[in-house]
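With compact mmCIF, C-alpha atoms (C1' of nucleotides) inside, this is protein.txt:
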# COMPACT_ATOMS: atom_id res chain seq x y z
CA MET A 22 80.64 94.96 69.21
CA GLU A 23 83.95 96.59 69.87
CA ALA A 24 84.76 93.85 72.34
CA ALA A 25 84.03 91.16 69.77
CA LEU A 26 86.07 92.95 67.16
CA ALA A 27 88.97 93.33 69.55
CA VAL A 28 89.02 89.58 70.09
CA LEU A 29 89.11 88.93 66.36
CA SER A 30 91.65 91.63 65.70
CA GLY A 31 94.61 90.68 63.63
CA ARG A 32 94.54 89.38 60.16
CA TRP A 33 95.08 85.75 61.13
CA THR A 34 93.22 85.36 64.38
CA THR A 35 90.01 84.05 62.89
CA LEU A 36 91.80 81.57 60.72
CA VAL A 37 93.64 80.13 63.70
CA LEU A 38 90.36 79.98 65.59
CA ARG A 39 88.73 78.15 62.74
CA GLU A 40 91.38 75.46 62.89
CA LEU A 41 91.03 75.07 66.63
CA ILE A 42 87.25 74.85 66.47
CA HIS A 43 87.54 71.56 64.66
CA GLY A 44 89.43 70.17 67.63
CA PRO A 45 92.85 70.28 69.28
CA ARG A 46 95.74 71.05 67.00
CA SER A 47 99.48 70.96 67.45
CA TYR A 48 101.70 73.85 66.56
CA GLY A 49 102.80 71.98 63.47
CA ASP A 50 99.20 71.26 62.46
CA LEU A 51 98.42 74.94 62.55
CA SER A 52 101.58 75.92 60.79
CA GLY A 53 100.85 73.37 58.07
CA ALA A 54 97.22 74.41 57.68
CA LEU A 55 98.17 78.06 57.33
CA PRO A 56 101.30 78.06 55.20
CA ARG A 57 101.31 81.79 54.63
CA LEU A 58 101.37 82.52 58.32
CA SER A 59 104.84 83.07 59.69
CA ASP A 60 106.03 81.35 62.84
CA LYS A 61 106.35 84.64 64.58
CA VAL A 62 102.77 85.69 63.98
CA LEU A 63 101.45 82.24 64.77
CA SER A 64 103.14 82.15 68.14
CA ASP A 65 102.08 85.75 68.78
CA ARG A 66 98.45 84.84 68.14
CA LEU A 67 98.59 81.68 70.21
CA ARG A 68 100.18 83.50 73.11
CA THR A 69 97.51 86.18 72.99
CA MET A 70 94.72 83.64 72.85
CA VAL A 71 96.13 81.77 75.81
CA GLU A 72 96.55 85.00 77.77
CA GLN A 73 92.93 85.89 77.06
CA GLY A 74 91.79 82.50 78.24
CA ARG A 75 90.41 81.50 74.87
CA ALA A 76 92.88 78.69 74.25
CA GLU A 77 94.76 76.21 76.39
CA ARG A 78 98.05 74.60 75.78
CA GLY A 79 98.89 71.01 76.59
CA GLU A 80 102.57 70.28 76.50
CA THR A 81 104.20 66.87 76.53
CA THR A 82 107.27 66.11 78.57
CA GLY A 83 109.33 64.04 76.09
CA PHE A 84 111.45 65.11 73.22
CA PRO A 85 110.81 66.37 70.66
CA THR A 86 108.21 68.45 72.46
CA ARG A 87 104.68 68.22 71.17
CA THR A 88 102.31 70.94 72.16
CA THR A 89 98.60 70.83 71.62
CA TYR A 90 96.33 73.83 71.56
CA SER A 91 92.60 73.68 72.14
CA LEU A 92 89.82 76.13 72.75
CA THR A 93 88.45 76.78 76.20
CA ASP A 94 84.78 77.45 76.90
CA ARG A 95 85.51 81.12 76.52
CA GLY A 96 87.05 80.47 73.15
CA LEU A 97 84.04 78.46 72.06
CA LEU A 98 81.84 81.48 72.68
CA LEU A 99 83.19 82.76 69.40
CA ARG A 100 81.89 79.86 67.39
CA PRO A 101 78.56 81.37 66.30
CA LEU A 102 80.36 84.46 65.18
CA LEU A 103 82.80 82.50 63.08
CA VAL A 104 79.91 80.61 61.50
CA GLU A 105 78.26 83.91 60.62
CA LEU A 106 81.52 85.22 59.21
CA TYR A 107 81.66 82.20 56.97
CA ARG A 108 78.06 82.58 55.87
CA THR A 109 78.48 86.25 55.14
CA GLY A 110 81.68 85.62 53.26
CA GLN A 111 79.83 83.14 51.03
CA GLY A 112 77.07 85.67 50.47
CA LEU A 113 79.54 88.33 49.44
CA LEU A 114 81.18 86.04 46.94
CA ASP A 115 77.86 84.92 45.51
CA THR A 116 76.79 88.45 44.74
CA ARG A 117 80.07 89.30 43.07
CA GLY A 118 82.61 89.84 45.73
CA PRO A 119 84.50 90.90 47.58
CA MET B 9 85.60 84.23 55.91
CA GLU B 10 88.52 86.22 54.68
CA ALA B 11 86.19 88.09 52.34
CA ALA B 12 83.88 89.01 55.19
CA LEU B 13 86.78 90.09 57.36
CA ALA B 14 88.20 92.20 54.58
CA VAL B 15 84.92 94.05 54.31
CA LEU B 16 84.86 94.78 58.04
CA SER B 17 88.51 95.71 58.19
CA GLY B 18 89.36 98.92 59.89
CA ARG B 19 88.64 99.84 63.44
CA TRP B 20 85.63 102.01 62.64
CA THR B 21 83.99 100.28 59.73
CA THR B 22 81.47 98.33 61.75
CA LEU B 23 80.47 101.36 63.77
CA VAL B 24 79.78 103.34 60.63
CA LEU B 25 77.80 100.42 59.26
CA ARG B 26 75.77 100.24 62.42
CA GLU B 27 74.74 103.86 62.02
CA LEU B 28 73.77 103.38 58.40
CA ILE B 29 71.75 100.27 59.13
CA HIS B 30 69.26 102.38 61.04
CA GLY B 31 68.64 104.41 57.94
CA PRO B 32 70.22 107.11 55.77
CA ARG B 33 72.61 109.43 57.53
CA SER B 34 74.32 112.63 56.52
CA TYR B 35 78.03 113.14 56.91
CA GLY B 36 77.34 115.36 59.92
CA ASP B 37 75.05 112.75 61.48
CA LEU B 38 77.81 110.21 61.31
CA SER B 39 80.44 112.58 62.52
CA GLY B 40 78.23 113.54 65.45
CA ALA B 41 77.35 109.97 66.34
CA LEU B 42 81.02 108.95 66.34
CA PRO B 43 82.83 111.87 67.95
CA ARG B 44 86.11 110.04 68.32
CA LEU B 45 86.30 109.32 64.64
CA SER B 46 88.36 111.83 62.71
CA ASP B 47 87.10 113.38 59.49
CA LYS B 48 89.88 111.76 57.59
CA VAL B 49 89.03 108.24 58.66
CA LEU B 50 85.31 108.81 58.26
CA SER B 51 85.67 109.96 54.70
CA ASP B 52 88.14 107.15 54.03
CA ARG B 53 85.63 104.59 55.25
CA LEU B 54 82.73 106.11 53.36
CA ARG B 55 84.73 106.26 50.16
CA THR B 56 85.72 102.63 50.52
CA MET B 57 82.16 101.56 51.20
CA VAL B 58 80.91 103.42 48.17
CA GLU B 59 83.67 101.94 46.01
CA GLN B 60 82.70 98.48 47.18
CA GLY B 61 79.08 99.15 46.37
CA ARG B 62 77.94 98.78 49.99
CA ALA B 63 76.83 102.37 50.38
CA GLU B 64 75.37 105.02 48.13
CA ARG B 65 75.69 108.72 48.32
CA GLY B 66 72.95 111.19 47.60
CA GLU B 67 74.19 114.71 47.14
CA THR B 68 72.11 117.85 47.04
CA THR B 69 72.77 120.63 44.58
CA GLY B 70 72.38 123.71 46.82
CA PHE B 71 74.74 125.26 49.27
CA PRO B 72 75.79 124.32 51.84
CA THR B 73 76.00 120.85 50.35
CA ARG B 74 74.15 118.12 52.19
CA THR B 75 75.13 114.59 51.45
CA THR B 76 73.26 111.53 52.56
CA TYR B 77 74.70 108.06 52.78
CA SER B 78 72.66 104.90 52.79
CA LEU B 79 73.33 101.21 52.48
CA THR B 80 72.78 99.34 49.26
CA ASP B 81 71.46 95.79 49.07
CA ARG B 82 75.04 94.62 49.12
CA GLY B 83 75.67 96.59 52.25
CA LEU B 84 72.60 95.12 53.91
CA LEU B 85 74.08 91.66 53.42
CA LEU B 86 76.28 92.50 56.38
CA ARG B 87 73.42 93.03 58.75
CA PRO B 88 73.25 89.51 60.22
CA LEU B 89 76.97 89.60 60.80
CA LEU B 90 76.72 92.86 62.70
CA VAL B 91 73.94 91.42 64.82
CA GLU B 92 76.09 88.44 65.64
CA LEU B 93 79.01 90.71 66.46
CA TYR B 94 76.79 92.50 68.91
CA ARG B 95 75.54 89.27 70.47
CA THR B 96 79.02 87.87 70.81
CA GLY B 97 80.28 91.09 72.29
CA GLN B 98 77.58 90.90 74.95
CA GLY B 99 78.51 87.31 75.68
CA LEU B 100 82.15 88.21 76.11
CA LEU B 101 81.34 90.95 78.56
CA ASP B 102 78.99 88.73 80.56
CA THR B 103 81.68 86.14 81.13
CA ARG B 104 84.23 88.70 82.24
CA GLY B 105 85.51 90.43 79.18
CA PRO B 106 87.00 91.54 77.00
C1' DC C 14 78.25 121.57 55.61
C1' DG C 15 81.16 118.19 53.71
C1' DG C 16 84.92 117.15 52.82
C1' DT C 17 90.60 116.91 51.13
C1' DA C 18 95.80 117.38 51.94
C1' DT C 19 99.80 116.42 54.71
C1' DC C 20 102.60 114.43 57.82
C1' DC C 21 103.71 111.62 61.60
C1' DA C 22 103.51 107.86 65.21
C1' DA C 23 102.35 103.39 66.39
C1' DG C 24 101.38 98.82 65.71
C1' DA C 25 101.04 94.69 62.86
C1' DT C 26 103.21 91.75 59.78
C1' DG C 27 106.87 89.44 57.16
C1' DA C 28 111.56 87.41 56.27
C1' DT C 29 115.36 85.33 58.06
C1' DA C 30 118.10 83.00 61.19
C1' DC C 31 118.81 80.54 65.32
C1' DT C 32 117.79 77.41 69.75
C1' DG C 33 116.46 73.59 73.27
C1' DC D 3 109.00 69.80 66.92
C1' DA D 4 108.05 74.15 68.85
C1' DG D 5 109.23 77.96 69.21
C1' DT D 6 112.33 82.96 70.03
C1' DA D 7 115.15 87.00 68.26
C1' DT D 8 115.85 90.66 65.27
C1' DC D 9 114.98 93.94 62.00
C1' DA D 10 112.76 96.02 57.79
C1' DT D 11 108.41 97.26 55.98
C1' DC D 12 103.67 98.04 55.29
C1' DT D 13 99.48 99.67 56.89
C1' DT D 14 96.28 102.40 60.05
C1' DG D 15 95.03 105.86 62.54
C1' DG D 16 95.27 110.52 64.53
C1' DA D 17 96.30 115.60 64.45
C1' DT D 18 96.14 119.64 62.10
C1' DA D 19 94.97 122.79 58.71
C1' DC D 20 92.69 124.27 54.74
C1' DC D 21 88.94 124.52 50.64
C1' DG D 22 84.35 124.97 47.79
Do you think you could lay out the structure here as structure tokens?
Amino acid sequence: MEAALAVLSGRWTTLVLRELIHGPRSYGDLSGALPRLSDKVLSDRLRTMVEQGRAERGETTGFPTRTTYSLTDRGLLLRPLLVELYRTGQGLLDTRGP
Amino acid sequence: MEAALAVLSGRWTTLVLRELIHGPRSYGDLSGALPRLSDKVLSDRLRTMVEQGRAERGETTGFPTRTTYSLTDRGLLLRPLLVELYRTGQGLLDTRGP
DNA sequence: CGGTATCCAAGATGATACTG
DNA sequence: CAGTATCATCTTGGATACCG
């Protein structure tokens, strides 16, 4: 449990994961989908996820650079947990949340 | 999802919840089961859970006081999420964690 | 036994500005 | 477009000590 929590740690981690679960996303996609997330924190999270082997980065050679992030198999392990987080969140709101 | 995360926020919240899911526990039970958790944080967490309506407190009248905490129906909503946290944690460790 | 009161250190986050 | 650099701030957690 502590291991799973450690992976989700950080206020924005799960939200970035949710975006990536729907498929590869560019830095700009993520930044646009999460407007309240600062560039600094976004790149912090992405770097951590890549270091942990949960995400991969595909970088183009041209200019402007276009980088695409996608989940690895290890990252996809988290999918059921994210689904349960969503379900539980709905449940909490239904019964007068949070 | 954010609602669910907010409820689990705090490094020790899920561990306290796990103890309570097995049944009512006194303050001392919890403190003993989680030796690395300071009194301050334990009482912070319990207070928050009671405020949120996820736990209830039953206090005796005598002395020394003996207080028992237990989960409410709202608290039990979190059970499937905790189970999934546990499952995911196991999965992470199996594939070379954390 | 079952807490509360302080204070401090560390880490996370946010705002802003700048670069290849 | 895709970041990095810097700094202020906010939040958590831990240590310690004390109270009814």
Item to check | Counting only C-alpha atoms (C1' of nucleotides), chain A residues within 10 Å of chain C, as number ranges by chain | outcome: A: 31-32, 57-62, 84-86
Checklist entry - Which one is closest to chain D: A:Gln111, A:Ala24, A:Leu29, A:Ser47? Count all atoms listed in the file. => result A:Ser47
Item to check | Residue list for chain B near chain A as a count of residues only, 9 Å, all atoms listed in the file | outcome: 32
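With only C-alpha atoms (C1' of nucleotides) taken into account, every residue lying no more than 10 Å from the file point (72.8, 106.1, 52.4) is included here: Leu28, Ile29, Gly31, Pro32, Arg33, Ser34, Tyr35, Leu54, Val58, Arg62, Ala63, Glu64, Arg65, Gly66, Thr75, Thr76, Tyr77, Ser78, Leu79, Thr80 and Gly83 of chain B.
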Checklist entry - Using only C-alpha atoms (C1' of nucleotides), which of D:DG15, D:DC21, D:DA4, D:DC9 sits nearest chain B? => result D:DG15
Next on the checklist: With 10 Å as the limit and counting only C-alpha atoms (C1' of nucleotides), what residues in chain D lie close to chain B? Please list them as a VMD selection string.
Outcome noted: chain D and resid 14 to 17 22
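Minimum atom-to-atom distances from A:Gly49, A:Thr81, A:Arg87, A:Val37 to Asp65 of chain A were compared using all atoms listed in the file, and the lowest value belongs to A:Val37.
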Item to check | Interatomic distance, atom CA of Arg53 of chain B to atom CA of Thr21 of chain B (Å, one decimal) | outcome: 6.4 Å
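The two atoms in question, atom CA of Glu72 of chain A and atom C1' of DC12 of chain D, are spaced 26.9 Å apart.
The space separating atom CA of Asp81 of chain B from atom CA of Pro43 of chain B comes to 27.3 Å.
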